[in-house]
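Structure data follow from upload_11.cif (mmCIF, C-alpha atoms):
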```cif
data_input
#
loop_
_atom_site.group_PDB
_atom_site.id
_atom_site.type_symbol
_atom_site.label_atom_id
_atom_site.label_comp_id
_atom_site.auth_asym_id
_atom_site.auth_seq_id
_atom_site.Cartn_x
_atom_site.Cartn_y
_atom_site.Cartn_z
ATOM 1 C CA MET A 672 0.000 0.000 0.000
ATOM 2 C CA ARG A 673 1.224 3.495 -0.826
ATOM 3 C CA VAL A 674 0.522 6.521 1.353
ATOM 4 C CA GLU A 675 1.226 9.911 -0.207
ATOM 5 C CA ILE A 676 1.448 12.930 2.080
ATOM 6 C CA TRP A 677 1.176 16.424 0.656
ATOM 7 C CA SER A 678 2.727 18.917 3.064
ATOM 8 C CA ASP A 679 4.777 22.088 3.447
ATOM 9 C CA ILE A 680 7.734 22.641 5.778
ATOM 10 C CA ALA A 681 6.132 25.938 6.845
ATOM 11 C CA CYS A 682 2.957 24.153 8.002
ATOM 12 C CA PRO A 683 2.895 23.442 11.768
ATOM 13 C CA TRP A 684 -0.019 21.021 11.467
ATOM 14 C CA CYS A 685 2.010 19.040 8.918
ATOM 15 C CA TYR A 686 4.741 18.726 11.560
ATOM 16 C CA VAL A 687 2.240 17.505 14.148
ATOM 17 C CA GLY A 688 0.299 15.400 11.640
ATOM 18 C CA LYS A 689 3.419 13.519 10.560
ATOM 19 C CA ALA A 690 4.068 12.479 14.161
ATOM 20 C CA ARG A 691 0.465 11.346 14.644
ATOM 21 C CA PHE A 692 0.455 9.398 11.387
ATOM 22 C CA GLU A 693 3.730 7.691 12.254
ATOM 23 C CA LYS A 694 2.331 6.682 15.621
ATOM 24 C CA ALA A 695 -0.531 4.913 13.855
ATOM 25 C CA LEU A 696 1.750 3.444 11.202
ATOM 26 C CA SER A 697 4.185 2.005 13.757
ATOM 27 C CA ALA A 698 1.364 -0.106 15.222
ATOM 28 C CA PHE A 699 -0.133 -1.111 11.852
ATOM 29 C CA PRO A 700 0.213 -4.894 11.336
ATOM 30 C CA HIS A 701 1.199 -4.475 7.678
ATOM 31 C CA ARG A 702 3.701 -1.674 8.295
ATOM 32 C CA ASP A 703 6.420 -3.378 6.231
ATOM 33 C CA GLN A 704 4.143 -3.343 3.191
ATOM 34 C CA VAL A 705 3.394 0.395 3.328
ATOM 35 C CA GLU A 706 5.379 2.835 1.196
ATOM 36 C CA VAL A 707 5.251 6.457 2.363
ATOM 37 C CA VAL A 708 5.946 9.193 -0.193
ATOM 38 C CA HIS A 709 6.097 12.881 0.674
ATOM 39 C CA ARG A 710 4.648 15.267 -1.906
ATOM 40 C CA SER A 711 5.189 18.999 -2.335
ATOM 41 C CA PHE A 712 2.636 21.669 -1.467
ATOM 42 C CA GLU A 713 3.586 25.318 -0.960
ATOM 43 C CA LEU A 714 1.257 27.300 1.271
ATOM 44 C CA ASP A 715 2.434 30.482 -0.424
ATOM 45 C CA PRO A 716 3.857 29.585 -3.870
ATOM 46 C CA SER A 717 3.906 33.226 -4.997
ATOM 47 C CA ARG A 718 6.242 34.239 -2.224
ATOM 48 C CA ALA A 719 9.616 35.463 -3.446
ATOM 49 C CA LYS A 720 12.866 33.935 -2.272
ATOM 50 C CA GLY A 721 14.398 36.322 0.229
ATOM 51 C CA ASP A 722 11.047 37.463 1.560
ATOM 52 C CA SER A 723 11.030 36.249 5.156
ATOM 53 C CA GLY A 724 9.717 37.577 8.444
ATOM 54 C CA LEU A 725 8.546 36.712 11.926
ATOM 55 C CA VAL A 726 5.575 34.373 12.298
ATOM 56 C CA ILE A 727 3.540 36.276 14.915
ATOM 57 C CA PRO A 728 3.112 39.537 12.923
ATOM 58 C CA MET A 729 2.350 37.485 9.798
ATOM 59 C CA LEU A 730 -0.396 35.515 11.560
ATOM 60 C CA ALA A 731 -1.916 38.670 13.029
ATOM 61 C CA LYS A 732 -2.069 40.349 9.615
ATOM 62 C CA LYS A 733 -3.232 37.282 7.707
ATOM 63 C CA TYR A 734 -6.092 36.376 10.043
ATOM 64 C CA GLY A 735 -7.011 39.878 11.220
ATOM 65 C CA MET A 736 -6.180 39.205 14.848
ATOM 66 C CA SER A 737 -4.061 40.909 17.461
ATOM 67 C CA GLU A 738 -0.490 39.790 18.022
ATOM 68 C CA ALA A 739 -1.568 38.579 21.471
ATOM 69 C CA GLN A 740 -4.152 36.318 19.836
ATOM 70 C CA ALA A 741 -1.574 35.120 17.321
ATOM 71 C CA GLN A 742 0.777 34.299 20.177
ATOM 72 C CA GLU A 743 -1.991 32.360 21.915
ATOM 73 C CA ALA A 744 -2.512 30.345 18.722
ATOM 74 C CA GLU A 745 1.208 29.560 18.582
ATOM 75 C CA ASN A 746 1.145 28.514 22.239
ATOM 76 C CA ASN A 747 -1.714 26.144 21.424
ATOM 77 C CA LEU A 748 0.291 24.634 18.585
ATOM 78 C CA GLY A 749 3.223 24.233 20.950
ATOM 79 C CA THR A 750 1.006 22.301 23.343
ATOM 80 C CA ASN A 751 -0.197 20.004 20.540
ATOM 81 C CA ALA A 752 3.377 19.431 19.387
ATOM 82 C CA ALA A 753 4.548 18.640 22.914
ATOM 83 C CA ALA A 754 1.770 16.061 23.249
ATOM 84 C CA GLU A 755 3.380 14.216 20.331
ATOM 85 C CA GLY A 756 6.866 14.487 21.820
ATOM 86 C CA LEU A 757 7.907 17.308 19.481
ATOM 87 C CA ASP A 758 9.872 20.433 20.340
ATOM 88 C CA TYR A 759 8.287 23.692 19.169
ATOM 89 C CA LEU A 760 9.456 27.286 19.447
ATOM 90 C CA THR A 761 6.427 29.449 20.175
ATOM 91 C CA GLU A 762 8.355 32.742 19.975
ATOM 92 C CA GLY A 763 10.902 34.207 17.567
ATOM 93 C CA ARG A 764 10.232 31.745 14.747
ATOM 94 C CA ASP A 765 10.316 33.015 11.155
ATOM 95 C CA HIS A 766 8.719 31.980 7.861
ATOM 96 C CA GLY A 767 9.522 32.319 4.168
ATOM 97 C CA ASN A 768 9.716 30.648 0.767
ATOM 98 C CA THR A 769 9.920 26.825 0.897
ATOM 99 C CA PHE A 770 10.460 26.021 -2.802
ATOM 100 C CA ASP A 771 14.158 25.160 -2.431
ATOM 101 C CA MET A 772 13.370 22.801 0.436
ATOM 102 C CA HIS A 773 10.810 20.998 -1.716
ATOM 103 C CA ARG A 774 13.343 20.689 -4.542
ATOM 104 C CA LEU A 775 15.848 19.248 -2.091
ATOM 105 C CA LEU A 776 13.247 16.763 -0.847
ATOM 106 C CA HIS A 777 12.779 15.428 -4.379
ATOM 107 C CA PHE A 778 16.535 14.975 -4.645
ATOM 108 C CA ALA A 779 16.470 13.158 -1.293
ATOM 109 C CA LYS A 780 13.693 10.895 -2.582
ATOM 110 C CA GLU A 781 15.977 9.726 -5.405
ATOM 111 C CA GLN A 782 18.621 8.912 -2.796
ATOM 112 C CA GLY A 783 16.203 7.055 -0.518
ATOM 113 C CA ARG A 784 16.560 9.698 2.226
ATOM 114 C CA GLN A 785 13.360 11.694 1.825
ATOM 115 C CA ASP A 786 11.730 10.731 5.110
ATOM 116 C CA GLU A 787 14.926 11.485 7.003
ATOM 117 C CA LEU A 788 15.264 14.908 5.394
ATOM 118 C CA ILE A 789 11.678 16.031 5.864
ATOM 119 C CA GLY A 790 11.843 15.147 9.556
ATOM 120 C CA ILE A 791 15.050 17.126 9.935
ATOM 121 C CA LEU A 792 13.629 20.121 8.046
ATOM 122 C CA TYR A 793 10.536 20.143 10.264
ATOM 123 C CA ARG A 794 12.657 20.055 13.387
ATOM 124 C CA ALA A 795 14.956 22.778 12.106
ATOM 125 C CA ASN A 796 12.047 25.052 11.209
ATOM 126 C CA PHE A 797 9.895 24.550 14.274
ATOM 127 C CA ALA A 798 12.357 23.720 17.036
ATOM 128 C CA ASP A 799 15.738 25.282 16.164
ATOM 129 C CA GLU A 800 16.509 28.967 16.565
ATOM 130 C CA ARG A 801 18.566 29.253 13.381
ATOM 131 C CA SER A 802 16.440 30.013 10.318
ATOM 132 C CA VAL A 803 16.090 27.578 7.411
ATOM 133 C CA PHE A 804 14.956 30.284 4.989
ATOM 134 C CA ASP A 805 17.221 31.875 2.387
ATOM 135 C CA ASP A 806 20.286 30.127 3.786
ATOM 136 C CA ASP A 807 21.673 27.527 1.383
ATOM 137 C CA ALA A 808 24.550 26.729 3.740
ATOM 138 C CA ARG A 809 22.055 25.812 6.441
ATOM 139 C CA LEU A 810 20.075 23.596 4.055
ATOM 140 C CA VAL A 811 23.241 21.811 2.968
ATOM 141 C CA GLU A 812 24.090 21.133 6.630
ATOM 142 C CA LEU A 813 20.640 19.629 7.140
ATOM 143 C CA ALA A 814 20.925 17.569 3.961
ATOM 144 C CA VAL A 815 24.212 16.108 5.211
ATOM 145 C CA GLU A 816 22.554 15.324 8.542
ATOM 146 C CA ALA A 817 19.963 13.357 6.563
ATOM 147 C CA GLY A 818 22.722 11.325 4.913
ATOM 148 C CA LEU A 819 23.003 13.220 1.620
ATOM 149 C CA ASP A 820 26.192 14.299 -0.122
ATOM 150 C CA ALA A 821 27.040 17.938 0.578
ATOM 151 C CA GLU A 822 28.311 18.794 -2.903
ATOM 152 C CA ALA A 823 25.326 17.160 -4.589
ATOM 153 C CA ALA A 824 22.896 19.017 -2.323
ATOM 154 C CA ARG A 825 24.744 22.278 -2.949
ATOM 155 C CA ALA A 826 24.499 21.689 -6.709
ATOM 156 C CA VAL A 827 20.731 21.165 -6.487
ATOM 157 C CA LEU A 828 20.273 24.406 -4.572
ATOM 158 C CA ALA A 829 22.499 26.307 -7.009
ATOM 159 C CA ASP A 830 20.360 25.273 -10.006
ATOM 160 C CA PRO A 831 16.851 26.798 -9.749
ATOM 161 C CA SER A 832 15.553 24.370 -12.372
ATOM 162 C CA ALA A 833 16.682 21.223 -10.545
ATOM 163 C CA TYR A 834 13.605 19.240 -9.474
ATOM 164 C CA ALA A 835 11.440 22.326 -10.024
ATOM 165 C CA GLU A 836 9.086 20.464 -12.355
ATOM 166 C CA ASP A 837 8.758 17.635 -9.805
ATOM 167 C CA VAL A 838 7.526 20.161 -7.247
ATOM 168 C CA ARG A 839 5.057 21.690 -9.717
ATOM 169 C CA THR A 840 3.795 18.245 -10.728
ATOM 170 C CA ASP A 841 3.055 17.408 -7.086
ATOM 171 C CA GLU A 842 1.201 20.682 -6.686
ATOM 172 C CA ARG A 843 -0.874 20.097 -9.824
ATOM 173 C CA GLU A 844 -1.790 16.622 -8.595
ATOM 174 C CA ALA A 845 -2.843 18.051 -5.247
ATOM 175 C CA ALA A 846 -5.203 20.438 -7.030
ATOM 176 C CA GLU A 847 -6.588 17.610 -9.177
ATOM 177 C CA LEU A 848 -7.260 15.569 -6.041
ATOM 178 C CA GLY A 849 -9.100 18.487 -4.447
ATOM 179 C CA ALA A 850 -6.521 19.328 -1.792
ATOM 180 C CA ASN A 851 -6.697 22.986 -0.823
ATOM 181 C CA GLY A 852 -4.810 22.638 2.436
ATOM 182 C CA VAL A 853 -2.228 20.439 4.106
ATOM 183 C CA PRO A 854 -1.429 17.970 5.468
ATOM 184 C CA PHE A 855 -3.332 15.860 2.964
ATOM 185 C CA PHE A 856 -2.994 12.079 3.053
ATOM 186 C CA VAL A 857 -3.893 9.819 0.121
ATOM 187 C CA LEU A 858 -3.958 6.047 0.597
ATOM 188 C CA ASP A 859 -3.576 3.965 -2.577
ATOM 189 C CA ARG A 860 -5.179 6.825 -4.534
ATOM 190 C CA ALA A 861 -8.487 5.547 -3.177
ATOM 191 C CA PHE A 862 -8.881 7.222 0.220
ATOM 192 C CA GLY A 863 -8.148 10.813 1.186
ATOM 193 C CA LEU A 864 -7.699 12.253 4.639
ATOM 194 C CA SER A 865 -7.227 15.949 5.385
ATOM 195 C CA GLY A 866 -5.587 17.526 8.414
ATOM 196 C CA ALA A 867 -3.530 16.477 11.427
ATOM 197 C CA GLN A 868 -6.011 13.860 12.564
ATOM 198 C CA PRO A 869 -5.629 11.952 15.850
ATOM 199 C CA ALA A 870 -3.590 8.757 15.568
ATOM 200 C CA GLU A 871 -6.783 6.725 16.038
ATOM 201 C CA VAL A 872 -8.244 8.198 12.848
ATOM 202 C CA PHE A 873 -5.104 7.348 10.902
ATOM 203 C CA THR A 874 -5.290 3.803 12.257
ATOM 204 C CA GLN A 875 -8.868 3.511 11.023
ATOM 205 C CA ALA A 876 -7.901 4.881 7.604
ATOM 206 C CA LEU A 877 -4.978 2.468 7.244
ATOM 207 C CA ASN A 878 -7.171 -0.503 8.136
ATOM 208 C CA GLN A 879 -9.941 0.616 5.806
ATOM 209 C CA ALA A 880 -7.571 1.129 2.886
ATOM 210 C CA TRP A 881 -5.875 -2.220 3.508
ATOM 211 C CA ASP A 882 -9.181 -4.102 3.716
ATOM 212 C CA ALA A 883 -10.333 -2.473 0.475
ATOM 213 C CA LYS A 884 -7.313 -3.685 -1.491
ATOM 214 C CA PRO A 885 -8.316 -6.167 -4.236
ATOM 215 C CA ARG A 886 -7.324 -9.739 -3.491
ATOM 216 C CA LEU A 887 -6.392 -12.247 -6.188
ATOM 217 C CA ALA A 888 -9.028 -14.958 -6.642
ATOM 218 C CA THR A 889 -7.746 -18.364 -7.776
ATOM 219 C CA ILE A 890 -9.871 -20.128 -10.399
ATOM 220 C CA SER A 891 -10.860 -23.560 -9.147
ATOM 221 C CA GLY A 892 -9.463 -26.460 -11.160
ATOM 222 C CA ALA A 893 -7.069 -24.258 -13.139
ATOM 223 C CA ASP A 894 -3.852 -25.238 -11.370
ATOM 224 C CA GLY A 895 -0.914 -26.112 -13.636
ATOM 225 C CA GLU A 896 2.677 -27.091 -13.181
ATOM 226 C CA VAL A 897 4.712 -24.549 -11.261
ATOM 227 C CA CYS A 898 8.212 -23.990 -9.954
ATOM 228 C CA GLY A 899 8.744 -23.089 -6.319
ATOM 229 C CA PRO A 900 11.460 -22.922 -3.650
ATOM 230 C CA ASP A 901 11.639 -26.715 -3.543
ATOM 231 C CA GLY A 902 11.992 -27.128 -7.316
ATOM 232 C CA CYS A 903 9.677 -27.688 -10.279
ATOM 233 C CA ALA A 904 6.814 -30.100 -10.710
ATOM 234 C CA VAL A 905 7.605 -32.979 -13.068
ATOM 235 C CA PRO A 906 4.802 -33.713 -15.603
ATOM 236 C CA GLY A 907 3.268 -37.095 -15.054
ATOM 237 C CA ALA A 908 5.114 -37.677 -11.779
#
```

Can I see the file as structure tokens?
Amino acid sequence: MRVEIWSDIACPWCYVGKARFEKALSAFPHRDQVEVVHRSFELDPSRAKGDSGLVIPMLAKKYGMSEAQAQEAENNLGTNAAAEGLDYLTEGRDHGNTFDMHRLLHFAKEQGRQDELIGILYRANFADERSVFDDDARLVELAVEAGLDAEAARAVLADPSAYAEDVRTDEREAAELGANGVPFFVLDRAFGLSGAQPAEVFTQALNQAWDAKPRLATISGADGEVCGPDGCAVPGA
């Protein structure tokens, strides 16, 4: 079974939702038969590289609330993150363009290190004081931490076209599937689940998707000679 997760590094509920999903997945009986793929979704794709700022003023302006209310919302997110065992800075955090991080995640996918990198990027953005925005040196450090080659990661970041179409393809697919927010989970392209649901809901979704998988029916009386681990059947034996 394949689970695709559309998310953005700038999305706090994606950070929390990943932890909740993984809690459900770790207890799923068929865990070894589940492939998890992370897909790109930018919350603000029109944002220019280099345009970064503090989260609290941005939230206040975006949602028409006071900075005190925005801070209360961040405190609430911090509480939810802590409940999942995640660190979360509720003050002083910044935000910005995430396109380069998504390009780097597609590179990491080719190297089999995508899950490691996205976890590290989430932690760096939400729990570390040093910014991940507009700092290629920082992103290269994080890529190396995820097990990627520094020079290769640096080359990806230096070429704006590298993996750019992969990011745009993910975003087009999200729109086609009706996703207008993240996190968005798709199980075997048959079941969709939106938001940072409780682990129990993810468990239910995994079981439902697994039970709905088509099973091969064997036609009675149609058995023929086969080869197996113990050798091949001998005709007429």

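Take the PyMOL selection byres ((chain A and resi 678-695) around 7) and apply it to this file: it picks A:Ile676, A:Trp677, A:Leu696, A:Ser697, A:Ala698, A:Phe699, A:Arg710, A:Ser711, A:Phe712, A:Glu713, A:Leu714, A:Ala752, A:Glu755, A:His766, A:Thr769, A:Leu792, A:Tyr793, A:Val853, A:Pro854, A:Phe855, A:Ala867, A:Gln868, A:Pro869, A:Ala870, A:Glu871, A:Phe873, A:Thr874.
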
Quiz item: Of the candidates A:Met729, A:Arg774, A:Ala779, A:Glu816, which shows the shortest atom-to-atom distance to A:Ala829, using only C-alpha atoms?
Solution: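 Of A:Met729, A:Arg774, A:Ala779, A:Glu816, the one nearest A:Ala829, counting only C-alpha atoms, is A:Arg774.
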
Quiz prompt | Output check: residues returned by the PyMOL selection byres ((chain A and resi 859) around 7), as a PyMOL selection string | solution = chain A and resi 672-674+857-858+860-862

Exercise. Rank nothing, just name the residue among A:Gly724, A:Gly863, A:Val827, A:Tyr734 nearest to A:Val803, using all atoms listed in the file.
Key: A:Gly724

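Picture a line from atom CA of A:Val872 to atom CA of A:Ala817; it runs 29.4 Å.
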
Write out as a short mmCIF file (atom, residue, chain, number, x, y, z; two decimals) with C-alpha atoms, in the coordinates of the input the residues lying within 8 Å of A:Leu776, counting all atoms listed in the file and excluding same-chain residues fewer than 5 positions away.
```cif
data_model
loop_
_atom_site.label_atom_id
_atom_site.label_comp_id
_atom_site.auth_asym_id
_atom_site.auth_seq_id
_atom_site.Cartn_x
_atom_site.Cartn_y
_atom_site.Cartn_z
CA GLN A 785 13.36 11.69 1.82
CA LEU A 788 15.26 14.91 5.39
CA ILE A 789 11.68 16.03 5.86
#
```

I need the residue set behind the PyMOL selection byres ((chain A and resi 720) around 9) for this file; please write it as a short mmCIF file (atom, residue, chain, number, x, y, z; two decimals) with C-alpha atoms, in the frame of the given file.
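After the write, out_7.cif holds the following:
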```
data_model
loop_
_atom_site.label_atom_id
_atom_site.label_comp_id
_atom_site.auth_asym_id
_atom_site.auth_seq_id
_atom_site.Cartn_x
_atom_site.Cartn_y
_atom_site.Cartn_z
CA ARG A 718 6.24 34.24 -2.22
CA ALA A 719 9.62 35.46 -3.45
CA GLY A 721 14.40 36.32 0.23
CA ASP A 722 11.05 37.46 1.56
CA SER A 723 11.03 36.25 5.16
CA GLY A 767 9.52 32.32 4.17
CA ASN A 768 9.72 30.65 0.77
CA THR A 769 9.92 26.82 0.90
CA PHE A 770 10.46 26.02 -2.80
CA ASP A 771 14.16 25.16 -2.43
CA PHE A 804 14.96 30.28 4.99
CA ASP A 805 17.22 31.88 2.39
#
```

Exercise. Could you check how far atom CA of A:Ala754 sits from atom CA of A:Gly866, in Å to one decimal?
Key: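 Result for atom CA of A:Ala754 versus atom CA of A:Gly866: 16.6 Å, one decimal.
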
Self-check item: Residue nearest A:Tyr759 - candidates A:Gln875, A:Asn851, A:Asn796, A:Ser737, atoms counted: only C-alpha atoms
Solution: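 Nearest candidate to A:Tyr759 out of A:Gln875, A:Asn851, A:Asn796, A:Ser737: A:Asn796.
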
Practice problem: Compare A:Arg825, A:Arg764, A:Lys780, A:Lys733 by their minimum atom-to-atom distance to A:Asp837, counting only C-alpha atoms, and give me the closest one. | Solution: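 Closest candidate: A:Lys780.
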
Using only the atoms of stretch 781-792 of chain A listed in the file, plus 4 Å on each side, state the axis-aligned box centre and edge lengths in Å rounded to one decimal, as lines of an AutoDock Vina configuration file.
```
center_x = 15.1
center_y = 13.6
center_z = 2.3
size_x = 14.9
size_y = 21.1
size_z = 23.3
```

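What separates atom CA of A:Glu787 from atom CA of A:Asp703 is a distance of 17.1 Å.
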